Each structure stands twice: as C-alpha cells, then as structure tokens.
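What follows is a short report on a single structure.
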Amino acid sequence: MTTPDSDSLLAEQLLRLTRRVHRIQKHHLERSGLGVTPAQARLLRTLAHCESPPRMADLAERLEVVPRAVTTLIDALEGSGKVRRMPDPTNRRVIRIELTEDGRKALRQLRGARVSAAEEILDPLTDLERQVLSGLLDALVDGPPERTPKHGQGPGQGPGPGRDQAHGC
C-alpha cells in the first residue's frame, strides 16, 4: 500500500528522471551535429508517423501546441531543407507539410542519437530490471488518461488510447 509520502517521492523521482532523459537526449542531439532542437526532432518524428502530409493545424493538435509554435518549427526545418510546404491538391488554400529526403536522413540520425541516449540511461539496469521497467512504463503510458486510477487497481484498466493512435495524423 502506498502513502501520500511515498506517492510524493515517486512523483519527484519521475520528474527527476524526465529532466535527466531530456538533458541526455539534448546532449546526444547536439553531438549528432544535425542542428535540430528537441522540439524540431519531435515534430519530425510526428511527421514521419503521418499517413499523408498533414496540415500545420493537424501537427499543432498532435503536438499539443499552438499553431504559431508549429509555424516557427516548420520555418526552421524548411530553412534547413528537412521539410517542405506544399499546396493541398484538392484545396489550394490549404498547405501541407512533408518530409524531404534530408528530413528522412535526419530522422535516421536522430533515431541513432535516441538509442545512444537510451543506452546511457538504461546502462545501470540488468536485463531483468529493463523488462520490469518496460512493463511498468507500458502500464503508465497506456493507462486510461481520463481518470486517475485508485491505488490497488491494475494498470491499463478501462479504455485508453493505443500506441498507434498516439502517432497518427
């Protein structure tokens, strides 16, 4: 059984881990020499999971940011040749965003940087500990977002979005 104090400790540990993950990923991104910020990398990954070139509004919704933030990210990525704006074939007023070949190449390099960051973070864990952590993270990520589970409930009970839904556009 957990107590408010242990929940508070868990929350603090999760926040500290999140900050460490971001710091290490940022370091690996900088070492990659791609000149891509973490926010730009996230947009590229999101764009890569879209079935067809999305509108900027679709990207803003998927990234949970304001459209202006997406415009700034797209401007920078377009300037470096990683994405391009293109008119929608059925509605010329709509602009869609697509990855360029340079963008796909950058994504492959970014994956390498993410793998290196993950290896650094997970290095102290044994294979068994990694398996357990993976199961726990799945339970936390896939759990129902619309309610807070009560202590003692099993992970992932109730409706919750699947992983594939998290990336589609």
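Chain labels A, B, ... are given in the sequence in which chains occur in the structure tokens; within each chain residues are numbered consecutively from 1, and ligands are likewise numbered from 1 in the order shown.
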
* Asked: Leaving out Arg55 in chain A and any residue of its chain fewer than 5 positions from it, which residues lie within 8 Å of it when counting only C-alpha atoms, given as a ChimeraX atom specification?
  -> /A:94-97

* To do: From a DSSP calculation on the backbone, collect every residue of chain A in strand (DSSP E or B) and output the set as a list in words.
  =>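 The strand (DSSP E or B) subset of chain A is Arg55, Val83, Arg84, Arg85, Met86, Pro87, Ile95, Arg96, Ile97, Glu98 and Leu99 of chain A.
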
* To do: Could you check which of A:Leu77, A:Ile24, A:Ala118, A:Leu43 is closest to Arg130 in chain A, using only C-alpha atoms?
  =>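 Checking each candidate against Arg130 in chain A, we get A:Ala118 as the closest.
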
* Asked: CA of Val83 in chain A to CA of Leu44 in chain A: how many Å, to one decimal?
  ->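 About the pair CA of Val83 in chain A and CA of Leu44 in chain A: they are 8.4 Å apart.
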